[in-house]
>>> print(open('work-v1.txt').read())   # compact mmCIF, C-alpha atoms
# COMPACT_ATOMS: atom_id res chain seq x y z
CA MET A 17 -16.76 11.01 -8.19
CA LYS A 18 -19.16 12.64 -5.79
CA LEU A 19 -18.93 12.00 -2.08
CA LYS A 20 -22.29 10.26 -1.92
CA GLU A 21 -21.36 7.85 -4.66
CA LEU A 22 -18.01 7.13 -3.06
CA GLU A 23 -19.73 6.35 0.22
CA SER A 24 -22.19 4.10 -1.52
CA ARG A 25 -19.45 2.20 -3.35
CA LEU A 26 -17.50 1.75 -0.10
CA GLN A 27 -20.64 0.56 1.65
CA ASP A 28 -20.90 -2.31 -0.82
CA LEU A 29 -17.57 -3.73 0.26
CA THR A 30 -17.32 -6.69 2.60
CA GLY A 31 -15.77 -6.28 6.02
CA PHE A 32 -14.19 -8.63 8.50
CA ASP A 33 -16.29 -11.65 9.32
CA LYS A 34 -14.25 -12.59 12.41
CA PRO A 35 -11.97 -9.68 13.22
CA ARG A 36 -8.81 -10.76 15.03
CA ILE A 37 -8.56 -8.90 18.30
CA GLU A 38 -4.79 -9.29 18.63
CA LEU A 39 -4.30 -7.52 15.29
CA GLU A 40 -6.80 -4.83 16.34
CA GLN A 41 -8.76 -5.44 13.20
CA TYR A 42 -11.67 -3.11 12.81
CA GLU A 43 -12.91 -1.42 9.73
CA THR A 44 -12.88 2.16 8.75
CA GLN A 45 -16.61 2.76 8.47
CA PRO A 46 -17.67 3.56 4.89
CA HIS A 47 -19.18 6.90 5.88
CA LEU A 48 -15.96 8.01 7.55
CA ALA A 49 -13.65 6.48 4.96
CA ALA A 50 -15.46 8.32 2.18
CA ARG A 51 -15.31 11.65 3.96
CA ILE A 52 -11.66 11.29 4.91
CA LEU A 53 -10.58 10.33 1.40
CA TYR A 54 -12.71 13.06 -0.12
CA THR A 55 -11.11 15.64 2.17
CA ILE A 56 -7.61 14.40 1.40
CA GLU A 57 -8.28 14.90 -2.29
CA GLN A 58 -10.38 18.08 -2.18
CA SER A 59 -8.31 19.97 0.38
CA TYR A 60 -4.86 18.71 -0.43
CA GLY A 61 -4.93 17.06 -3.85
CA ASP A 62 -3.07 14.05 -2.49
CA ILE A 63 -4.93 11.21 -4.20
CA ALA A 64 -5.78 11.77 -7.87
CA GLY A 65 -2.78 11.14 -10.12
CA LYS A 66 -0.70 9.91 -7.19
CA MET A 67 0.92 6.66 -6.11
CA VAL A 68 -0.77 5.79 -2.83
CA ALA A 69 -0.19 3.12 -0.20
CA ASP A 70 -2.55 1.95 2.54
CA LEU A 71 -0.71 0.36 5.47
CA GLY A 72 -2.71 -2.20 7.41
CA CYS A 73 -5.28 -2.09 4.62
CA GLY A 74 -7.49 -4.93 5.88
CA PRO A 75 -10.37 -5.58 3.47
CA GLY A 76 -9.29 -2.48 1.56
CA ARG A 77 -11.86 0.22 2.05
CA LEU A 78 -9.33 3.06 2.09
CA THR A 79 -7.29 1.41 -0.66
CA ILE A 80 -10.22 0.97 -2.98
CA GLY A 81 -11.63 4.36 -2.07
CA SER A 82 -8.35 5.94 -3.15
CA ALA A 83 -8.50 4.05 -6.45
CA LEU A 84 -12.05 5.29 -6.99
CA LEU A 85 -10.81 8.85 -6.48
CA ASP A 86 -8.40 8.36 -9.40
CA ALA A 87 -5.14 7.58 -7.70
CA ASP A 88 -2.65 6.38 -10.34
CA PHE A 89 -2.15 3.18 -8.38
CA VAL A 90 -2.79 2.05 -4.82
CA TYR A 91 -0.97 -0.60 -2.83
CA GLY A 92 -2.61 -2.27 0.16
CA LEU A 93 -0.22 -3.84 2.65
CA ASP A 94 -1.41 -6.15 5.43
CA ILE A 95 -0.13 -8.98 7.60
CA ASP A 96 -3.32 -11.07 7.50
CA PRO A 97 -4.00 -13.32 4.49
CA VAL A 98 -7.70 -13.55 5.38
CA ALA A 99 -8.01 -9.78 5.19
CA LEU A 100 -6.33 -9.79 1.79
CA LYS A 101 -8.73 -12.44 0.51
CA LEU A 102 -11.48 -9.96 1.33
CA PHE A 103 -9.39 -7.25 -0.32
CA THR A 104 -9.27 -9.23 -3.57
CA ARG A 105 -12.99 -9.88 -3.45
CA ASN A 106 -13.67 -6.22 -2.74
CA SER A 107 -11.47 -4.90 -5.52
CA ASN A 108 -13.23 -7.21 -7.98
CA GLU A 109 -16.60 -6.09 -6.62
CA ALA A 110 -15.61 -2.43 -6.89
CA ASP A 111 -14.24 -3.05 -10.38
CA VAL A 112 -10.97 -1.22 -9.78
CA ASP A 113 -7.91 -2.40 -11.66
CA ASN A 114 -5.36 -0.02 -10.19
CA VAL A 115 -4.90 -1.68 -6.81
CA GLU A 116 -2.59 -4.40 -5.60
CA ALA A 117 -2.10 -6.16 -2.27
CA VAL A 118 1.11 -7.38 -0.68
CA LEU A 119 1.11 -9.73 2.30
CA MET A 120 3.78 -8.40 4.61
CA ASP A 121 4.60 -7.06 8.06
CA VAL A 122 4.69 -3.30 7.71
CA THR A 123 6.71 -2.91 10.90
CA THR A 124 9.73 -4.49 9.18
CA ILE A 125 10.02 -1.20 7.32
CA SER A 126 11.18 0.78 10.32
CA ASP A 127 13.76 3.43 10.81
CA SER A 128 16.70 1.05 10.77
CA ALA A 129 15.71 -1.28 7.94
CA ASP A 130 14.90 0.65 4.82
CA GLY A 131 11.87 -0.04 2.66
CA GLY A 132 14.02 -1.25 -0.18
CA ARG A 133 12.70 -0.13 -3.53
CA MET A 134 9.50 1.10 -1.91
CA SER A 135 11.21 3.88 0.03
CA GLY A 136 9.81 7.18 -1.15
CA LEU A 137 7.86 5.40 -3.90
CA PHE A 138 4.48 6.72 -2.80
CA ASP A 139 3.37 10.33 -3.02
CA THR A 140 0.82 9.64 -0.29
CA VAL A 141 0.52 6.99 2.39
CA ILE A 142 -2.73 6.49 4.27
CA LEU A 143 -3.11 4.33 7.36
CA ASN A 144 -5.61 3.37 9.99
CA PRO A 145 -3.12 1.44 12.13
CA PRO A 146 -3.56 -0.79 15.16
CA PHE A 147 -3.53 1.55 18.14
CA GLY A 148 -1.30 -0.55 20.37
CA THR A 149 -3.96 -1.49 22.89
CA LYS A 150 -3.49 -5.26 22.69
CA GLY A 151 -0.08 -5.76 24.24
CA ASN A 152 1.56 -4.18 21.21
CA LYS A 153 2.19 -0.73 22.57
CA GLY A 154 4.02 1.54 20.16
CA ILE A 155 2.85 -0.27 17.07
CA ASP A 156 1.04 2.78 15.76
CA VAL A 157 4.30 4.69 15.91
CA GLN A 158 6.06 1.89 14.03
CA PHE A 159 3.35 2.04 11.39
CA LEU A 160 3.76 5.80 11.13
CA GLN A 161 7.52 5.47 10.80
CA ALA A 162 7.06 2.92 8.04
CA ALA A 163 4.65 5.32 6.35
CA LEU A 164 7.16 8.15 6.56
CA ARG A 165 9.76 5.94 4.94
CA LEU A 166 7.50 4.84 2.12
CA SER A 167 6.13 8.28 1.33
CA SER A 168 7.78 11.08 -0.59
CA HIS A 169 5.27 13.76 0.39
CA ALA A 170 2.33 13.19 2.74
CA VAL A 171 1.06 10.70 5.30
CA TYR A 172 -2.49 10.59 6.64
CA SER A 173 -2.86 8.50 9.76
CA PHE A 174 -5.33 7.82 12.56
CA HIS A 175 -4.08 7.86 16.14
CA LYS A 176 -5.66 8.01 19.57
CA THR A 177 -5.98 11.65 20.59
CA THR A 178 -4.22 10.74 23.86
CA THR A 179 -1.05 10.14 21.83
CA ARG A 180 -1.18 13.47 20.02
CA GLU A 181 1.33 15.29 22.19
CA TYR A 182 3.81 12.45 22.01
CA LEU A 183 3.57 12.27 18.23
CA MET A 184 3.88 16.02 17.80
CA THR A 185 7.02 15.96 19.92
CA ARG A 186 8.52 13.14 17.87
CA ALA A 187 7.63 15.00 14.70
CA ALA A 188 9.35 18.15 15.89
CA LYS A 189 12.45 16.47 17.31
CA ASP A 190 13.13 13.28 15.37
CA TRP A 191 11.39 13.44 12.01
CA ASP A 192 11.94 16.19 9.48
CA VAL A 193 8.23 16.79 9.06
CA GLU A 194 5.31 19.14 9.59
CA MET A 195 2.48 17.46 11.46
CA SER A 196 -1.03 18.79 11.89
CA VAL A 197 -4.41 17.55 13.06
CA VAL A 198 -6.80 17.40 10.09
CA ALA A 199 -9.81 16.13 11.98
CA GLU A 200 -10.89 14.86 15.37
CA MET A 201 -13.42 12.11 15.57
CA LYS A 202 -14.76 9.32 17.70
CA PHE A 203 -14.22 5.74 16.71
CA ASP A 204 -16.87 3.31 17.72
CA LEU A 205 -14.59 0.32 18.04
CA PRO A 206 -15.87 -2.51 20.11
CA GLN A 207 -18.93 -3.65 18.25
CA SER A 208 -16.51 -5.93 16.40
CA TYR A 209 -15.14 -7.41 19.58
CA ALA A 210 -17.07 -10.08 21.43
CA ARG A 211 -15.15 -9.56 24.68
CA HIS A 212 -16.39 -6.04 25.37
CA LYS A 213 -19.22 -5.88 27.84
CA ARG A 214 -20.61 -2.56 26.76
CA ALA A 215 -22.22 -2.29 23.36
CA SER A 216 -20.19 0.70 22.30
CA VAL A 217 -17.16 2.53 23.56
CA ASP A 218 -16.02 5.73 21.92
CA VAL A 219 -12.34 6.39 21.44
CA ALA A 220 -11.22 9.90 20.57
CA VAL A 221 -9.12 9.70 17.42
CA ASP A 222 -7.12 12.24 15.44
CA LEU A 223 -6.52 12.20 11.73
CA LEU A 224 -3.01 13.54 11.38
CA ARG A 225 -1.43 14.93 8.26
CA THR A 226 2.34 14.63 8.22
CA VAL A 227 4.32 16.15 5.39
CA HIS A 228 8.01 15.73 4.67
CA ARG A 229 9.79 19.05 4.89
CA THR A 230 11.92 18.18 1.91
CA LYS A 231 10.46 15.89 -0.73
CA THR A 232 12.36 12.72 0.02
CA LYS A 233 14.60 11.22 -2.61
CA GLU A 234 12.57 8.85 -4.73
CA ASN A 235 13.49 5.22 -4.53
CA THR A 236 16.55 4.42 -6.59
CA MET B 14 0.62 -10.00 -8.64
CA LYS B 15 1.51 -7.53 -11.36
CA LEU B 16 4.99 -7.11 -12.73
CA LEU B 17 4.94 -3.54 -11.43
CA THR B 18 4.91 -5.07 -7.96
CA HIS B 19 7.70 -7.48 -8.81
CA ASN B 20 9.75 -4.45 -9.82
CA MET B 21 9.38 -2.99 -6.33
CA LEU B 22 9.87 -6.03 -4.10
CA THR B 23 13.18 -6.99 -2.53
CA SER B 24 14.28 -9.56 0.02
CA LYS B 25 16.40 -6.95 1.75
CA CYS B 26 14.52 -7.37 5.04
CA ILE B 27 16.09 -10.82 5.43
CA LYS B 28 19.08 -10.73 7.80
CA GLY B 29 22.31 -10.77 5.87
CA VAL B 30 20.91 -9.92 2.46
CA GLN B 31 22.76 -7.10 0.71
CA GLU B 32 20.46 -6.13 -2.15
CA GLY B 33 17.93 -8.90 -2.55
CA TYR B 34 16.97 -7.59 -5.98
CA PRO B 35 15.63 -8.44 -8.40
CA LEU B 36 13.78 -11.46 -7.11
CA ARG B 37 13.69 -14.31 -9.59
CA LEU B 38 10.23 -15.04 -10.83
CA LYS B 39 8.75 -18.51 -11.28
CA VAL B 40 5.30 -18.54 -12.83
CA GLU B 41 2.85 -21.37 -12.22
CA ASN B 42 -0.37 -19.67 -13.24
CA VAL B 43 -0.71 -16.41 -15.11
CA GLU B 44 -3.74 -14.49 -16.40
CA VAL B 45 -4.13 -11.44 -18.55
CA LYS B 46 -6.47 -8.79 -17.16
CA GLU B 47 -7.08 -5.75 -19.29
CA SER B 48 -6.91 -2.37 -17.64
CA ASP B 49 -7.40 1.17 -18.86
CA TYR B 50 -4.32 2.69 -20.42
CA ASN B 51 -3.26 5.81 -18.53
CA GLN B 52 -0.33 7.26 -20.48
CA GLU B 53 0.50 9.96 -17.94
CA PHE B 54 0.76 7.37 -15.20
CA ILE B 55 3.11 5.20 -17.24
CA VAL B 56 5.28 8.22 -17.99
CA ARG B 57 5.31 9.09 -14.27
CA LEU B 58 6.46 5.56 -13.55
CA LEU B 59 9.47 5.69 -15.87
CA PRO B 60 11.91 7.20 -13.35
CA LYS B 61 10.74 4.77 -10.67
CA ILE B 62 11.09 1.46 -12.47
CA ARG B 63 14.16 -0.64 -13.09
CA TYR B 64 13.74 -1.63 -16.68
CA ASP B 65 16.21 -4.50 -16.71
CA ALA B 66 14.25 -6.18 -13.92
CA ILE B 67 11.02 -5.73 -15.88
CA TYR B 68 12.61 -7.29 -18.92
CA SER B 69 13.97 -10.29 -17.01
CA ALA B 70 10.68 -10.83 -15.19
CA ALA B 71 8.78 -10.60 -18.46
CA LYS B 72 11.10 -13.22 -19.90
CA ASP B 73 10.56 -15.44 -16.86
CA ALA B 74 6.82 -15.05 -17.38
CA GLY B 75 7.15 -15.84 -21.07
CA ILE B 76 5.78 -12.52 -22.28
CA ALA B 77 8.87 -10.61 -23.38
CA GLU B 78 8.53 -11.06 -27.14
CA ASP B 79 7.43 -7.53 -27.80
CA LEU B 80 9.72 -5.74 -25.39
CA PRO B 81 13.04 -4.10 -26.26
CA ASP B 82 15.85 -5.44 -24.11
CA SER B 83 16.70 -1.99 -22.83
CA LEU B 84 14.77 1.19 -22.20
CA PRO B 85 14.46 3.16 -25.44
CA GLU B 86 15.71 6.75 -25.40
CA ASP B 87 12.38 8.09 -26.55
CA ALA B 88 10.46 6.03 -23.99
CA ALA B 89 8.63 9.01 -22.51
CA THR B 90 7.18 10.05 -25.84
CA SER B 91 6.72 6.76 -27.65
CA GLU B 92 3.12 5.71 -27.24
CA GLU B 93 3.91 2.41 -28.87
CA PHE B 94 6.50 1.61 -26.22
CA LEU B 95 4.43 3.00 -23.36
CA ARG B 96 1.50 0.80 -24.33
CA LYS B 97 3.76 -2.24 -24.30
CA LEU B 98 5.05 -1.23 -20.89
CA HIS B 99 1.49 -0.74 -19.65
CA HIS B 100 0.62 -4.22 -20.79
CA VAL B 101 3.62 -5.85 -19.17
CA LEU B 102 3.49 -3.92 -15.90
CA LEU B 103 -0.24 -3.82 -15.29
CA GLU B 104 -2.11 -6.40 -17.35
CA ILE B 105 -0.17 -9.54 -16.50
CA GLU B 106 -1.43 -11.16 -13.30
CA ILE B 107 0.75 -13.84 -11.73
CA MET B 108 -1.90 -15.80 -9.84
CA ALA B 109 0.44 -18.49 -8.53
CA GLY B 110 4.18 -18.77 -8.51
CA GLU B 111 7.29 -17.95 -6.57
CA LEU B 112 9.63 -15.05 -5.95
CA VAL B 113 13.15 -16.22 -5.14
CA CYS B 114 15.79 -14.26 -3.26
CA PRO B 115 18.85 -14.05 -5.51
CA GLU B 116 21.23 -14.23 -2.52
CA THR B 117 19.70 -16.84 -0.22
CA GLY B 118 17.36 -18.77 -2.50
CA ARG B 119 14.55 -18.13 -0.01
CA ILE B 120 11.18 -18.60 -1.67
CA PHE B 121 8.33 -16.13 -1.28
CA PRO B 122 5.15 -17.77 -2.59
CA ILE B 123 2.60 -16.00 -4.74
CA GLN B 124 -0.85 -17.35 -3.89
CA ASN B 125 -4.22 -16.13 -5.10
CA GLY B 126 -2.39 -13.36 -6.92
CA ILE B 127 -0.80 -12.01 -3.76
CA PRO B 128 2.93 -12.18 -2.95
CA ASN B 129 3.64 -13.46 0.57
CA MET B 130 6.59 -11.50 1.95
CA LEU B 131 6.12 -12.54 5.58
CA LEU B 132 9.33 -13.55 7.34
CA THR B 133 9.97 -15.79 10.30
CA ALA B 134 11.35 -14.18 13.46
CA GLU B 135 14.77 -15.69 12.81
CA GLU B 136 14.93 -14.23 9.32
CA SER B 137 14.12 -10.63 10.16
CA ILE B 138 16.66 -8.01 10.99
>>> encode(input="work-v1.txt", output="structure tokens")
Amino acid sequence: MKLKELESRLQDLTGFDKPRIELEQYETQPHLAARILYTIEQSYGDIAGKMVADLGCGPGRLTIGSALLDADFVYGLDIDPVALKLFTRNSNEADVDNVEAVLMDVTTISDSADGGRMSGLFDTVILNPPFGTKGNKGIDVQFLQAALRLSSHAVYSFHKTTTREYLMTRAAKDWDVEMSVVAEMKFDLPQSYARHKRASVDVAVDLLRTVHRTKTKENT
Amino acid sequence: MKLLTHNMLTSKCIKGVQEGYPLRLKVENVEVKESDYNQEFIVRLLPKIRYDAIYSAAKDAGIAEDLPDSLPEDAATSEEFLRKLHHVLLEIEIMAGELVCPETGRIFPIQNGIPNMLLTAEESI
């Protein structure tokens, strides 16, 4: 599928009607989502023919985008049932049959509690996590740790650029991974949030690629 | 919820649960939704699935008539078997029902085709 078509298909999907601030719900814009997914597949071959998971999937733009790029199967995990209602509607709209949603708290899959049968199940995990700006500091790291546990090969995740050094240090010291910055971008977050006074605030965001040094043992 | 998903879910995140697998399946409303057969994908799945749990879930869902009760030796090359597996794993949609923890009896509802694995604070590790 060409990039333009992917973007157009993602544009057709429905986003949050009333995003919940405390969950830091905001959508990955279709333009960006398409380009990111396209890059992940073109540059790294990490989508087509792969098992993929999207953590904090929301209405499912990244999930469905991965399915459209010929992932074998894509799981969308999210804590909000309203988001997953949109997810179901969107996957029907996009006419993809290789996606599935699970309503769950991704942070329960942390370093101490394993992911059960889902550990290492996914070749690739993609996530646009909450950034930890709403009294939930560190949640993006928890999401990333969950992603590392669920993935056997690669994780693609968005994080505030201000956290880059911290994450790189963790990667080098605590996680047996190679971490690199794939892209730097600006997220235009607050248009979804009624409480912001200014119309638009840019947040510098990294797309990180984190790869397990040894392909982790597949779930047994 | 597809039976592929059932094969991957556990209740292990509940405090005190040892394995939490497989979850018992109670079906209230099931649909069949056709999907494209992708043989390579099904073959790739073979090492990841627990066949006995598929078989028991299929029985719970009332759709096990065609399935062998254990994984055939030639599974990876038998298109006939792989197509059956495709049907059971990917074309059966549990729209409403329950997943039940085999150790605690805790019920995880399936609503609108989505399994609800959310725990209370007391239940989580």
>>> interface_residues(input="work-v1.txt", of="chain B", to="chain A", cutoff="8 Å", atoms="all atoms listed in the file", output="number ranges by chain")
B: 14-15, 18, 21-23, 25-26, 48, 54, 61, 127-131, 137-138
>>> write_last_selection(input="work-v1.txt", atoms="C-alpha atoms", output="PDB file, in the coordinates of the input")
ATOM      1  CA  MET B  14       0.620 -10.000  -8.640  1.00  0.00           C
ATOM      2  CA  LYS B  15       1.510  -7.530 -11.360  1.00  0.00           C
ATOM      3  CA  THR B  18       4.910  -5.070  -7.960  1.00  0.00           C
ATOM      4  CA  MET B  21       9.380  -2.990  -6.330  1.00  0.00           C
ATOM      5  CA  LEU B  22       9.870  -6.030  -4.100  1.00  0.00           C
ATOM      6  CA  THR B  23      13.180  -6.990  -2.530  1.00  0.00           C
ATOM      7  CA  LYS B  25      16.400  -6.950   1.750  1.00  0.00           C
ATOM      8  CA  CYS B  26      14.520  -7.370   5.040  1.00  0.00           C
ATOM      9  CA  SER B  48      -6.910  -2.370 -17.640  1.00  0.00           C
ATOM     10  CA  PHE B  54       0.760   7.370 -15.200  1.00  0.00           C
ATOM     11  CA  LYS B  61      10.740   4.770 -10.670  1.00  0.00           C
ATOM     12  CA  ILE B 127      -0.800 -12.010  -3.760  1.00  0.00           C
ATOM     13  CA  PRO B 128       2.930 -12.180  -2.950  1.00  0.00           C
ATOM     14  CA  ASN B 129       3.640 -13.460   0.570  1.00  0.00           C
ATOM     15  CA  MET B 130       6.590 -11.500   1.950  1.00  0.00           C
ATOM     16  CA  LEU B 131       6.120 -12.540   5.580  1.00  0.00           C
ATOM     17  CA  SER B 137      14.120 -10.630  10.160  1.00  0.00           C
ATOM     18  CA  ILE B 138      16.660  -8.010  10.990  1.00  0.00           C
TER      19      ILE B 138
END
>>> residues_around(input="work-v1.txt", residues="stretch 179-192 of chain A", least_positions_apart="5", cutoff="8 Å", atoms="only C-alpha atoms", output="list in words")
Val157, Asp222, His228, Arg229 and Thr230 of chain A
>>> atom_distance(input="work-v1.txt", atom1="atom CA of A:Tyr42", atom2="atom CA of A:Ser59")
26.4 Å
>>> atom_distance(input="work-v1.txt", atom1="atom CA of A:Glu57", atom2="atom CA of A:Ser82")
9.0 Å
>>> residues_around(input="work-v1.txt", residues="B:Gly33", least_positions_apart="2", cutoff="8 Å", atoms="all atoms listed in the file", output="ChimeraX atom specification")
/B:23-25,30-31,35-36,114-116
>>> residues_near_point(input="work-v1.txt", point="(-21.0, -1.1, -3.0)", cutoff="12 Å", atoms="all atoms listed in the file", output="MDAnalysis selection string")
chainID A and resid 20:31 46 77 80:81 84 105:111
>>> residues_around(input="work-v1.txt", residues="A:Gly148", least_positions_apart="6", cutoff="9 Å", atoms="all atoms listed in the file", output="list in words")
Glu40, Gly154, Ile155, Asp156 and Val157 of chain A
>>> atom_distance(input="work-v1.txt", atom1="atom CA of B:Glu47", atom2="atom CA of A:Gly92")
20.3 Å
>>> residues_around(input="work-v1.txt", residues="A:Leu85", least_positions_apart="4", cutoff="7 Å", atoms="all atoms listed in the file", output="ChimeraX atom specification")
/A:17,63-64,81
>>> residues_around(input="work-v1.txt", residues="B:Val43", least_positions_apart="5", cutoff="12 Å", atoms="only C-alpha atoms", output="list in words")
Met14, Lys15, Leu16, Leu38, Ala71, Asp73, Ala74, Gly75, Ile76, Glu104, Ile105, Glu106, Ile107, Met108, Ala109, Gly110, Glu111, Ile123, Gln124, Asn125 and Gly126 of chain B
>>> closest_residue(input="work-v1.txt", among="B:Glu32, B:Ile55, B:Ile27, B:Val101", to="B:Lys72", atoms="all atoms listed in the file")
B:Val101
>>> axis_aligned_box(input="work-v1.txt", around="stretch 216-224 of chain A", padding_each_side="6 Å", output="lines of an AutoDock Vina configuration file")
center_x = -11.6
center_y = 7.1
center_z = 17.5
size_x = 29.2
size_y = 24.8
size_z = 24.2
>>> closest_residue(input="work-v1.txt", among="A:Leu205, A:Val219, A:Val90, A:Ala69", to="A:His169", atoms="only C-alpha atoms")
A:Ala69
>>> closest_residue(input="work-v1.txt", among="B:Glu136, B:Asp65, B:Glu41, B:Glu53", to="B:Leu80", atoms="all atoms listed in the file")
B:Asp65
>>> closest_residue(input="work-v1.txt", among="B:Ser69, B:Asn42, B:Gln52, B:Thr117", to="B:Thr90", atoms="only C-alpha atoms")
B:Gln52
>>> closest_residue(input="work-v1.txt", among="B:Leu95, B:Val40, B:Lys28, B:His19", to="B:Val56", atoms="all atoms listed in the file")
B:Leu95
>>> closest_residue(input="work-v1.txt", among="A:Val217, A:Thr55, A:His47, A:Asn144", to="A:Asp204", atoms="only C-alpha atoms")
A:Val217
>>> decode(input="work-v1.txt", residues="stretch 219-226 of chain A", atoms="all heavy atoms", output="mmCIF file, in the first residue's frame")
data_model
loop_
_atom_site.group_PDB
_atom_site.id
_atom_site.type_symbol
_atom_site.label_atom_id
_atom_site.label_comp_id
_atom_site.auth_asym_id
_atom_site.auth_seq_id
_atom_site.Cartn_x
_atom_site.Cartn_y
_atom_site.Cartn_z
ATOM 1 N N VAL A 219 5.194 20.089 21.692
ATOM 2 C CA VAL A 219 6.054 19.303 22.574
ATOM 3 C C VAL A 219 7.031 18.543 21.691
ATOM 4 O O VAL A 219 6.611 17.867 20.745
ATOM 5 C CB VAL A 219 5.219 18.305 23.413
ATOM 6 C CG1 VAL A 219 6.118 17.452 24.291
ATOM 7 C CG2 VAL A 219 4.190 19.055 24.258
ATOM 8 N N ALA A 220 8.322 18.664 22.003
ATOM 9 C CA ALA A 220 9.323 17.933 21.219
ATOM 10 C C ALA A 220 9.270 16.462 21.608
ATOM 11 O O ALA A 220 9.338 16.104 22.787
ATOM 12 C CB ALA A 220 10.714 18.506 21.474
ATOM 13 N N VAL A 221 9.139 15.614 20.621
ATOM 14 C CA VAL A 221 8.945 14.183 20.856
ATOM 15 C C VAL A 221 9.918 13.368 20.011
ATOM 16 O O VAL A 221 10.169 13.701 18.854
ATOM 17 C CB VAL A 221 7.485 13.787 20.500
ATOM 18 C CG1 VAL A 221 7.286 12.272 20.547
ATOM 19 C CG2 VAL A 221 6.504 14.478 21.440
ATOM 20 N N ASP A 222 10.462 12.330 20.604
ATOM 21 C CA ASP A 222 11.312 11.392 19.870
ATOM 22 C C ASP A 222 10.520 10.151 19.505
ATOM 23 O O ASP A 222 9.684 9.690 20.292
ATOM 24 C CB ASP A 222 12.466 10.886 20.761
ATOM 25 C CG ASP A 222 13.483 11.947 21.086
ATOM 26 O OD1 ASP A 222 13.523 12.973 20.385
ATOM 27 O OD2 ASP A 222 14.235 11.747 22.064
ATOM 28 N N LEU A 223 10.813 9.588 18.355
ATOM 29 C CA LEU A 223 10.399 8.212 18.093
ATOM 30 C C LEU A 223 11.632 7.359 18.312
ATOM 31 O O LEU A 223 12.642 7.513 17.628
ATOM 32 C CB LEU A 223 9.891 8.036 16.664
ATOM 33 C CG LEU A 223 9.571 6.577 16.276
ATOM 34 C CD1 LEU A 223 8.405 6.035 17.083
ATOM 35 C CD2 LEU A 223 9.284 6.451 14.783
ATOM 36 N N LEU A 224 11.555 6.491 19.317
ATOM 37 C CA LEU A 224 12.697 5.637 19.632
ATOM 38 C C LEU A 224 12.487 4.253 19.043
ATOM 39 O O LEU A 224 11.378 3.734 19.007
ATOM 40 C CB LEU A 224 12.854 5.497 21.152
ATOM 41 C CG LEU A 224 13.113 6.768 21.943
ATOM 42 C CD1 LEU A 224 13.298 6.412 23.419
ATOM 43 C CD2 LEU A 224 14.352 7.495 21.416
ATOM 44 N N ARG A 225 13.582 3.672 18.628
ATOM 45 C CA ARG A 225 13.566 2.264 18.207
ATOM 46 C C ARG A 225 14.445 1.504 19.183
ATOM 47 O O ARG A 225 15.626 1.831 19.348
ATOM 48 C CB ARG A 225 14.104 2.101 16.794
ATOM 49 C CG ARG A 225 14.170 0.656 16.339
ATOM 50 C CD ARG A 225 14.555 0.558 14.859
ATOM 51 N NE ARG A 225 14.228 -0.759 14.351
ATOM 52 C CZ ARG A 225 15.116 -1.746 14.152
ATOM 53 N NH1 ARG A 225 16.393 -1.527 14.404
ATOM 54 N NH2 ARG A 225 14.726 -2.917 13.701
ATOM 55 N N THR A 226 13.852 0.515 19.841
ATOM 56 C CA THR A 226 14.579 -0.260 20.843
ATOM 57 C C THR A 226 14.537 -1.717 20.429
ATOM 58 O O THR A 226 13.465 -2.276 20.225
ATOM 59 C CB THR A 226 13.933 -0.090 22.237
ATOM 60 O OG1 THR A 226 13.804 1.301 22.519
ATOM 61 C CG2 THR A 226 14.808 -0.725 23.310
#
